Amino acid sequence: MLLEMNAIPEFVKCLTYKDVDTQLSAARAIGNFAMDSYGRQKLFESKAMAPLVAQLEAKDENGKDAIEPRRAAILAIGKCASDRSSAVELCDIGALSKLLSLMDTHWKQLGQAAEDAVERLLQKSQSAKLWLRGEVDFEDRTSDGWFDMGVGRPYTSLTDLQKETINTNREVLLADASQDNRLKQLVEEVKGECASLGLTQIILDKRDIASTDIKKKCVVKIAEILSQRLGGSILYDKYMDFGYSTEIQRCKQLRKSNVVWVGDLKKAGCRHRAFLFKYLCDLVLPYLCRLERTKIERGAHVGHAWNVVKFFGDVDQEGQQKT
């Protein structure tokens with residue numbers, strides 16, 4: 001009933017009060033609103049996310065840290081992160097960075113709650129997970145709007161990254177077939193080729209040997225299409241001479257941005273290929289592909305990335321089924 005009465009703005013206003021009990025009650029109420037998808041949508045529409053993130057630095061009337069209101073805000077953020085759109089916005093407006101700092105606080109009641117909230121954000125924002133962990137796992141299904149900003153810089157929203165003037169910084173990779181027509185054509189080509197190999201929804205749902213063979217053929221086909229599109233196969237000892245930096249600059253100039261649309265690329269290295277391969281697999285063969293990247297920030301292997309694909313029947317070192 002409170003949602004129908006448009007009460008959210010009033011609770012958001014209460015977050016700014018100096019009285020700690022008022023702050024705490026307001027944060028808890030917002031957390032309760034976020035218990036279901038309808039409430040989370042109302043919070044999103046009411047622009048309640050930014051004030052909630054600001055509450056992570058709540059103070060009392062004496063200017064001292066207000067621990068319980070902060071903890072209530074952390075718990076509310078964790079609930080809001082159940083929806084992808086809310087999780088992405090929360091990361092974009094600074095929730096992830098603030099929560100990471102709170103994980104290291106000496107207040108144990110904040111640290112554990114912050115760690116849990118970060119995990120919930122990363123479950124829904126694959127861009128943030130790749131930035132923080134340097135990996136996107138099998139169950140992390142990417143979608144349009146997924147980007148890779150590389151290593152060695154603070155997490156930044158895609159909107160802000162697109163506003164940056166062209167510079168010598170490492171390019172940001174963006175996969176979004178809803179805007180990128182060349183990527184959309186590539187997606188359709190991959191789907192068509194996989195369909196011709198016998199891939200259907202029924203096959204995707206099966207785990208028998210015959211279905212797995214079809215999936216393996218599809219993975220090989222996706223890799224072949226990707227390789228042909230991005231400059232062909234490269235021998236390991238020739239990789240450093242492959243020279244794709246000129247192509248990166250061309251793509252930057254094409255969009256007048258440091259954000260490179262992956263559909264524009266005609267030549268690319270392992271980082272770009274692994275990023276695009278994960279995106280394509282998640283569209284056609286969901287939950288079979290993982291992306292990993294080196295976590296170093298300097299040296300010859302900065303940005304080195306690769307994919308891992310698993311199928312039914314694959315086992316780990318202890319002999320347990322991976323899937």
# chains A, B, ... in the order shown; residues from 1 in each chain; ligands from 1

call {"tool": "select_by_dssp", "arguments": {"residues": "stretch 178-238 of chain A", "states": "helix (DSSP H, G or I)", "output": "VMD selection string"}}
result
chain A and resid 181 to 196 201 to 205 209 to 229 236 to 238

call {"tool": "write_last_selection", "arguments": {"atoms": "C-alpha atoms", "output": "PDB file, in the first residue's frame"}}
result
ATOM      1  CA  ASN A 181      25.019  -3.486 -36.456  1.00  0.00           C
ATOM      2  CA  ARG A 182      28.177  -5.378 -37.426  1.00  0.00           C
ATOM      3  CA  LEU A 183      28.044  -7.270 -34.157  1.00  0.00           C
ATOM      4  CA  LYS A 184      24.365  -7.985 -34.752  1.00  0.00           C
ATOM      5  CA  GLN A 185      25.257  -9.501 -38.152  1.00  0.00           C
ATOM      6  CA  LEU A 186      27.955 -11.606 -36.504  1.00  0.00           C
ATOM      7  CA  VAL A 187      25.478 -12.866 -33.912  1.00  0.00           C
ATOM      8  CA  GLU A 188      23.030 -13.860 -36.641  1.00  0.00           C
ATOM      9  CA  GLU A 189      25.809 -15.628 -38.569  1.00  0.00           C
ATOM     10  CA  VAL A 190      26.848 -17.593 -35.485  1.00  0.00           C
ATOM     11  CA  LYS A 191      23.264 -18.553 -34.674  1.00  0.00           C
ATOM     12  CA  GLY A 192      22.684 -19.670 -38.256  1.00  0.00           C
ATOM     13  CA  GLU A 193      25.839 -21.782 -38.395  1.00  0.00           C
ATOM     14  CA  CYS A 194      25.063 -23.437 -35.064  1.00  0.00           C
ATOM     15  CA  ALA A 195      21.513 -24.163 -36.167  1.00  0.00           C
ATOM     16  CA  SER A 196      22.847 -25.825 -39.311  1.00  0.00           C
ATOM     17  CA  GLN A 201      16.790 -25.633 -27.516  1.00  0.00           C
ATOM     18  CA  ILE A 202      16.131 -29.321 -26.959  1.00  0.00           C
ATOM     19  CA  ILE A 203      19.784 -30.115 -27.656  1.00  0.00           C
ATOM     20  CA  LEU A 204      20.871 -27.327 -25.297  1.00  0.00           C
ATOM     21  CA  ASP A 205      18.829 -28.860 -22.503  1.00  0.00           C
ATOM     22  CA  ILE A 209      26.858 -37.766 -25.695  1.00  0.00           C
ATOM     23  CA  ALA A 210      25.129 -36.932 -28.979  1.00  0.00           C
ATOM     24  CA  SER A 211      24.007 -33.507 -27.758  1.00  0.00           C
ATOM     25  CA  THR A 212      27.447 -32.784 -26.338  1.00  0.00           C
ATOM     26  CA  ASP A 213      29.045 -33.594 -29.712  1.00  0.00           C
ATOM     27  CA  ILE A 214      26.803 -31.021 -31.395  1.00  0.00           C
ATOM     28  CA  LYS A 215      27.743 -28.415 -28.794  1.00  0.00           C
ATOM     29  CA  LYS A 216      31.438 -29.145 -29.301  1.00  0.00           C
ATOM     30  CA  LYS A 217      31.059 -28.636 -33.054  1.00  0.00           C
ATOM     31  CA  CYS A 218      29.312 -25.337 -32.401  1.00  0.00           C
ATOM     32  CA  VAL A 219      32.130 -24.144 -30.144  1.00  0.00           C
ATOM     33  CA  VAL A 220      34.674 -24.963 -32.840  1.00  0.00           C
ATOM     34  CA  LYS A 221      32.578 -23.138 -35.442  1.00  0.00           C
ATOM     35  CA  ILE A 222      32.262 -20.021 -33.262  1.00  0.00           C
ATOM     36  CA  ALA A 223      36.038 -20.021 -32.722  1.00  0.00           C
ATOM     37  CA  GLU A 224      36.656 -20.373 -36.471  1.00  0.00           C
ATOM     38  CA  ILE A 225      34.266 -17.542 -37.363  1.00  0.00           C
ATOM     39  CA  LEU A 226      35.820 -15.316 -34.715  1.00  0.00           C
ATOM     40  CA  SER A 227      39.359 -16.074 -35.828  1.00  0.00           C
ATOM     41  CA  GLN A 228      38.599 -15.370 -39.480  1.00  0.00           C
ATOM     42  CA  ARG A 229      36.900 -12.104 -38.600  1.00  0.00           C
ATOM     43  CA  TYR A 236      52.548 -18.102 -30.316  1.00  0.00           C
ATOM     44  CA  ASP A 237      56.025 -16.958 -31.350  1.00  0.00           C
ATOM     45  CA  LYS A 238      54.494 -14.539 -33.881  1.00  0.00           C
TER      46      LYS A 238
END

call {"tool": "residues_around", "arguments": {"residues": "A:Glu139", "least_positions_apart": "6", "cutoff": "8 Å", "atoms": "only C-alpha atoms", "output": "list in words"}}
result
Pro286, Tyr287 and Leu288 of chain A

call {"tool": "atom_distance", "arguments": {"atom1": "atom CA of A:Glu45", "atom2": "atom CA of A:Gln179"}}
result
24.0 Å

call {"tool": "residues_around", "arguments": {"residues": "stretch 306-312 of chain A", "least_positions_apart": "3", "cutoff": "10 Å", "atoms": "only C-alpha atoms", "output": "short mmCIF file (atom, residue, chain, number, x, y, z; two decimals) with C-alpha atoms, in the first residue's frame"}}
result
data_model
loop_
_atom_site.label_atom_id
_atom_site.label_comp_id
_atom_site.auth_asym_id
_atom_site.auth_seq_id
_atom_site.Cartn_x
_atom_site.Cartn_y
_atom_site.Cartn_z
CA GLU A 135 37.14 -13.43 -14.65
CA VAL A 136 33.56 -14.12 -15.65
CA ASP A 137 32.44 -17.62 -14.78
CA PHE A 138 30.36 -20.23 -16.61
CA LYS A 206 20.22 -32.37 -23.00
CA ARG A 207 23.42 -33.77 -21.51
CA ASP A 208 23.88 -36.96 -23.48
CA ILE A 209 26.86 -37.77 -25.70
CA SER A 211 24.01 -33.51 -27.76
CA THR A 212 27.45 -32.78 -26.34
CA ASP A 213 29.05 -33.59 -29.71
CA LYS A 215 27.74 -28.42 -28.79
CA LYS A 216 31.44 -29.14 -29.30
CA VAL A 219 32.13 -24.14 -30.14
CA CYS A 270 43.59 -12.41 -27.27
CA ARG A 271 41.83 -9.98 -24.95
CA HIS A 272 39.38 -8.88 -27.64
CA ARG A 273 38.83 -12.41 -28.93
CA ALA A 274 38.21 -13.88 -25.48
CA PHE A 275 35.78 -11.07 -24.64
CA PHE A 277 33.91 -15.35 -27.64
CA LYS A 278 32.37 -15.26 -24.16
CA CYS A 281 28.82 -18.34 -26.39
CA TYR A 287 26.67 -21.59 -19.20
CA LEU A 288 29.41 -23.39 -21.14
CA CYS A 289 32.06 -20.66 -21.37
CA ARG A 290 34.27 -18.89 -18.87
CA LEU A 291 36.52 -15.87 -19.46
CA GLU A 292 39.77 -15.48 -17.53
CA ARG A 293 42.30 -12.67 -17.62
CA THR A 294 45.72 -12.06 -16.08
CA GLY A 303 45.47 -7.93 -20.60
CA VAL A 315 35.57 -33.67 -14.62
CA GLN A 321 31.54 -33.63 -12.74
CA LYS A 322 32.10 -29.93 -13.55
CA THR A 323 28.71 -29.18 -15.02
#

call {"tool": "atom_distance", "arguments": {"atom1": "atom CA of A:Asn169", "atom2": "atom CA of A:Leu265"}}
result
17.5 Å

call {"tool": "select_by_dssp", "arguments": {"residues": "stretch 108-156 of chain A", "states": "strand (DSSP E)", "output": "PDB file with C-alpha atoms, in the first residue's frame"}}
result
ATOM      1  CA  GLU A 135      37.144 -13.431 -14.650  1.00  0.00           C
ATOM      2  CA  VAL A 136      33.561 -14.117 -15.648  1.00  0.00           C
ATOM      3  CA  TRP A 146      28.678  -5.728 -21.326  1.00  0.00           C
ATOM      4  CA  PHE A 147      32.037  -3.963 -21.312  1.00  0.00           C
ATOM      5  CA  ASP A 148      35.647  -4.534 -20.311  1.00  0.00           C
TER       6      ASP A 148
END

call {"tool": "residues_around", "arguments": {"residues": "A:Ser37", "least_positions_apart": "5", "cutoff": "10 Å", "atoms": "only C-alpha atoms", "output": "number ranges by chain"}}
result
A: 42-43, 79-80, 82-83

call {"tool": "residues_around", "arguments": {"residues": "A:Glu57", "least_positions_apart": "5", "cutoff": "8 Å", "atoms": "only C-alpha atoms", "output": "PDB file with C-alpha atoms, in the first residue's frame"}}
result
ATOM      1  CA  ASP A  65      29.922   7.657  11.774  1.00  0.00           C
ATOM      2  CA  ALA A  66      26.417   6.201  12.061  1.00  0.00           C
ATOM      3  CA  ARG A  70      25.134   2.326   7.226  1.00  0.00           C
TER       4      ARG A  70
END

call {"tool": "closest_residue", "arguments": {"among": "A:Ala175, A:Ala128, A:Cys251, A:Val151", "to": "A:Arg84", "atoms": "only C-alpha atoms"}}
result
A:Ala128

call {"tool": "closest_residue", "arguments": {"among": "A:Ile67, A:Ile77, A:Val259, A:Leu52", "to": "A:Glu164", "atoms": "only C-alpha atoms"}}
result
A:Val259

call {"tool": "atom_distance", "arguments": {"atom1": "atom CA of A:Val118", "atom2": "atom CA of A:Asn32"}}
result
18.9 Å

call {"tool": "decode", "arguments": {"residues": "stretch 113-150 of chain A", "atoms": "N, CA and C atoms", "output": "mmCIF file, in the first residue's frame"}}
result
data_model
loop_
_atom_site.group_PDB
_atom_site.id
_atom_site.type_symbol
_atom_site.label_atom_id
_atom_site.label_comp_id
_atom_site.auth_asym_id
_atom_site.auth_seq_id
_atom_site.Cartn_x
_atom_site.Cartn_y
_atom_site.Cartn_z
ATOM 1 N N ALA A 113 28.604 -7.613 6.007
ATOM 2 C CA ALA A 113 27.436 -7.191 5.224
ATOM 3 C C ALA A 113 27.867 -6.606 3.887
ATOM 4 N N ALA A 114 28.949 -5.817 3.892
ATOM 5 C CA ALA A 114 29.457 -5.227 2.652
ATOM 6 C C ALA A 114 29.946 -6.306 1.693
ATOM 7 N N GLU A 115 30.624 -7.314 2.228
ATOM 8 C CA GLU A 115 31.110 -8.417 1.387
ATOM 9 C C GLU A 115 29.956 -9.152 0.722
ATOM 10 N N ASP A 116 28.900 -9.388 1.470
ATOM 11 C CA ASP A 116 27.722 -10.061 0.909
ATOM 12 C C ASP A 116 27.068 -9.209 -0.178
ATOM 13 N N ALA A 117 26.987 -7.908 0.048
ATOM 14 C CA ALA A 117 26.368 -7.013 -0.936
ATOM 15 C C ALA A 117 27.197 -6.956 -2.220
ATOM 16 N N VAL A 118 28.520 -6.956 -2.072
ATOM 17 C CA VAL A 118 29.395 -6.963 -3.258
ATOM 18 C C VAL A 118 29.149 -8.215 -4.093
ATOM 19 N N GLU A 119 29.040 -9.353 -3.428
ATOM 20 C CA GLU A 119 28.789 -10.595 -4.151
ATOM 21 C C GLU A 119 27.481 -10.527 -4.935
ATOM 22 N N ARG A 120 26.465 -9.931 -4.346
ATOM 23 C CA ARG A 120 25.173 -9.818 -5.024
ATOM 24 C C ARG A 120 25.259 -8.882 -6.226
ATOM 25 N N LEU A 121 26.020 -7.809 -6.095
ATOM 26 C CA LEU A 121 26.218 -6.899 -7.229
ATOM 27 C C LEU A 121 26.936 -7.605 -8.376
ATOM 28 N N LEU A 122 27.961 -8.375 -8.046
ATOM 29 C CA LEU A 122 28.754 -9.036 -9.079
ATOM 30 C C LEU A 122 27.981 -10.150 -9.774
ATOM 31 N N GLN A 123 27.004 -10.716 -9.103
ATOM 32 C CA GLN A 123 26.186 -11.748 -9.730
ATOM 33 C C GLN A 123 25.366 -11.189 -10.885
ATOM 34 N N LYS A 124 25.035 -9.913 -10.824
ATOM 35 C CA LYS A 124 24.183 -9.302 -11.841
ATOM 36 C C LYS A 124 24.931 -8.366 -12.791
ATOM 37 N N SER A 125 26.105 -7.909 -12.408
ATOM 38 C CA SER A 125 26.888 -7.015 -13.265
ATOM 39 C C SER A 125 28.185 -7.702 -13.660
ATOM 40 N N GLN A 126 28.183 -8.323 -14.840
ATOM 41 C CA GLN A 126 29.367 -9.042 -15.309
ATOM 42 C C GLN A 126 30.523 -8.085 -15.636
ATOM 43 N N SER A 127 30.203 -6.860 -16.042
ATOM 44 C CA SER A 127 31.256 -5.871 -16.314
ATOM 45 C C SER A 127 32.030 -5.565 -15.038
ATOM 46 N N ALA A 128 31.297 -5.386 -13.947
ATOM 47 C CA ALA A 128 31.943 -5.107 -12.661
ATOM 48 C C ALA A 128 32.742 -6.309 -12.186
ATOM 49 N N LYS A 129 32.212 -7.504 -12.403
ATOM 50 C CA LYS A 129 32.915 -8.713 -11.963
ATOM 51 C C LYS A 129 34.220 -8.891 -12.728
ATOM 52 N N LEU A 130 34.200 -8.630 -14.030
ATOM 53 C CA LEU A 130 35.419 -8.752 -14.823
ATOM 54 C C LEU A 130 36.453 -7.736 -14.357
ATOM 55 N N TRP A 131 36.013 -6.535 -14.041
ATOM 56 C CA TRP A 131 36.916 -5.493 -13.546
ATOM 57 C C TRP A 131 37.552 -5.895 -12.221
ATOM 58 N N LEU A 132 36.751 -6.406 -11.303
ATOM 59 C CA LEU A 132 37.235 -6.694 -9.956
ATOM 60 C C LEU A 132 37.976 -8.019 -9.867
ATOM 61 N N ARG A 133 37.439 -9.050 -10.482
ATOM 62 C CA ARG A 133 37.983 -10.405 -10.312
ATOM 63 C C ARG A 133 38.869 -10.859 -11.477
ATOM 64 N N GLY A 134 38.743 -10.181 -12.623
ATOM 65 C CA GLY A 134 39.512 -10.610 -13.778
ATOM 66 C C GLY A 134 39.001 -11.898 -14.385
ATOM 67 N N GLU A 135 37.742 -12.214 -14.123
ATOM 68 C CA GLU A 135 37.144 -13.431 -14.650
ATOM 69 C C GLU A 135 35.625 -13.300 -14.667
ATOM 70 N N VAL A 136 35.017 -14.003 -15.588
ATOM 71 C CA VAL A 136 33.561 -14.117 -15.648
ATOM 72 C C VAL A 136 33.276 -15.598 -15.813
ATOM 73 N N ASP A 137 32.546 -16.167 -14.873
ATOM 74 C CA ASP A 137 32.437 -17.621 -14.783
ATOM 75 C C ASP A 137 31.386 -18.199 -15.731
ATOM 76 N N PHE A 138 31.298 -19.522 -15.733
ATOM 77 C CA PHE A 138 30.362 -20.230 -16.612
ATOM 78 C C PHE A 138 28.933 -19.756 -16.404
ATOM 79 N N GLU A 139 28.530 -19.616 -15.155
ATOM 80 C CA GLU A 139 27.139 -19.252 -14.875
ATOM 81 C C GLU A 139 26.873 -17.760 -15.020
ATOM 82 N N ASP A 140 27.918 -16.960 -15.247
ATOM 83 C CA ASP A 140 27.744 -15.521 -15.445
ATOM 84 C C ASP A 140 27.399 -15.256 -16.902
ATOM 85 N N ARG A 141 26.133 -15.101 -17.182
ATOM 86 C CA ARG A 141 25.698 -14.913 -18.558
ATOM 87 C C ARG A 141 25.719 -13.433 -18.934
ATOM 88 N N THR A 142 26.548 -13.088 -19.900
ATOM 89 C CA THR A 142 26.668 -11.701 -20.339
ATOM 90 C C THR A 142 25.518 -11.340 -21.278
ATOM 91 N N SER A 143 25.366 -10.050 -21.533
ATOM 92 C CA SER A 143 24.296 -9.581 -22.413
ATOM 93 C C SER A 143 24.690 -8.234 -22.998
ATOM 94 N N ASP A 144 23.845 -7.669 -23.835
ATOM 95 C CA ASP A 144 24.133 -6.377 -24.447
ATOM 96 C C ASP A 144 24.424 -5.322 -23.389
ATOM 97 N N GLY A 145 25.469 -4.530 -23.652
ATOM 98 C CA GLY A 145 25.893 -3.517 -22.695
ATOM 99 C C GLY A 145 27.071 -3.962 -21.856
ATOM 100 N N TRP A 146 27.524 -5.216 -22.066
ATOM 101 C CA TRP A 146 28.678 -5.728 -21.326
ATOM 102 C C TRP A 146 29.950 -5.056 -21.824
ATOM 103 N N PHE A 147 30.798 -4.627 -20.906
ATOM 104 C CA PHE A 147 32.037 -3.963 -21.312
ATOM 105 C C PHE A 147 33.206 -4.399 -20.449
ATOM 106 N N ASP A 148 34.403 -4.215 -21.005
ATOM 107 C CA ASP A 148 35.647 -4.534 -20.311
ATOM 108 C C ASP A 148 36.530 -3.298 -20.344
ATOM 109 N N MET A 149 36.750 -2.707 -19.185
ATOM 110 C CA MET A 149 37.553 -1.492 -19.111
ATOM 111 C C MET A 149 39.027 -1.772 -18.836
ATOM 112 N N GLY A 150 39.385 -3.053 -18.744
ATOM 113 C CA GLY A 150 40.777 -3.392 -18.516
ATOM 114 C C GLY A 150 41.149 -3.316 -17.049
#
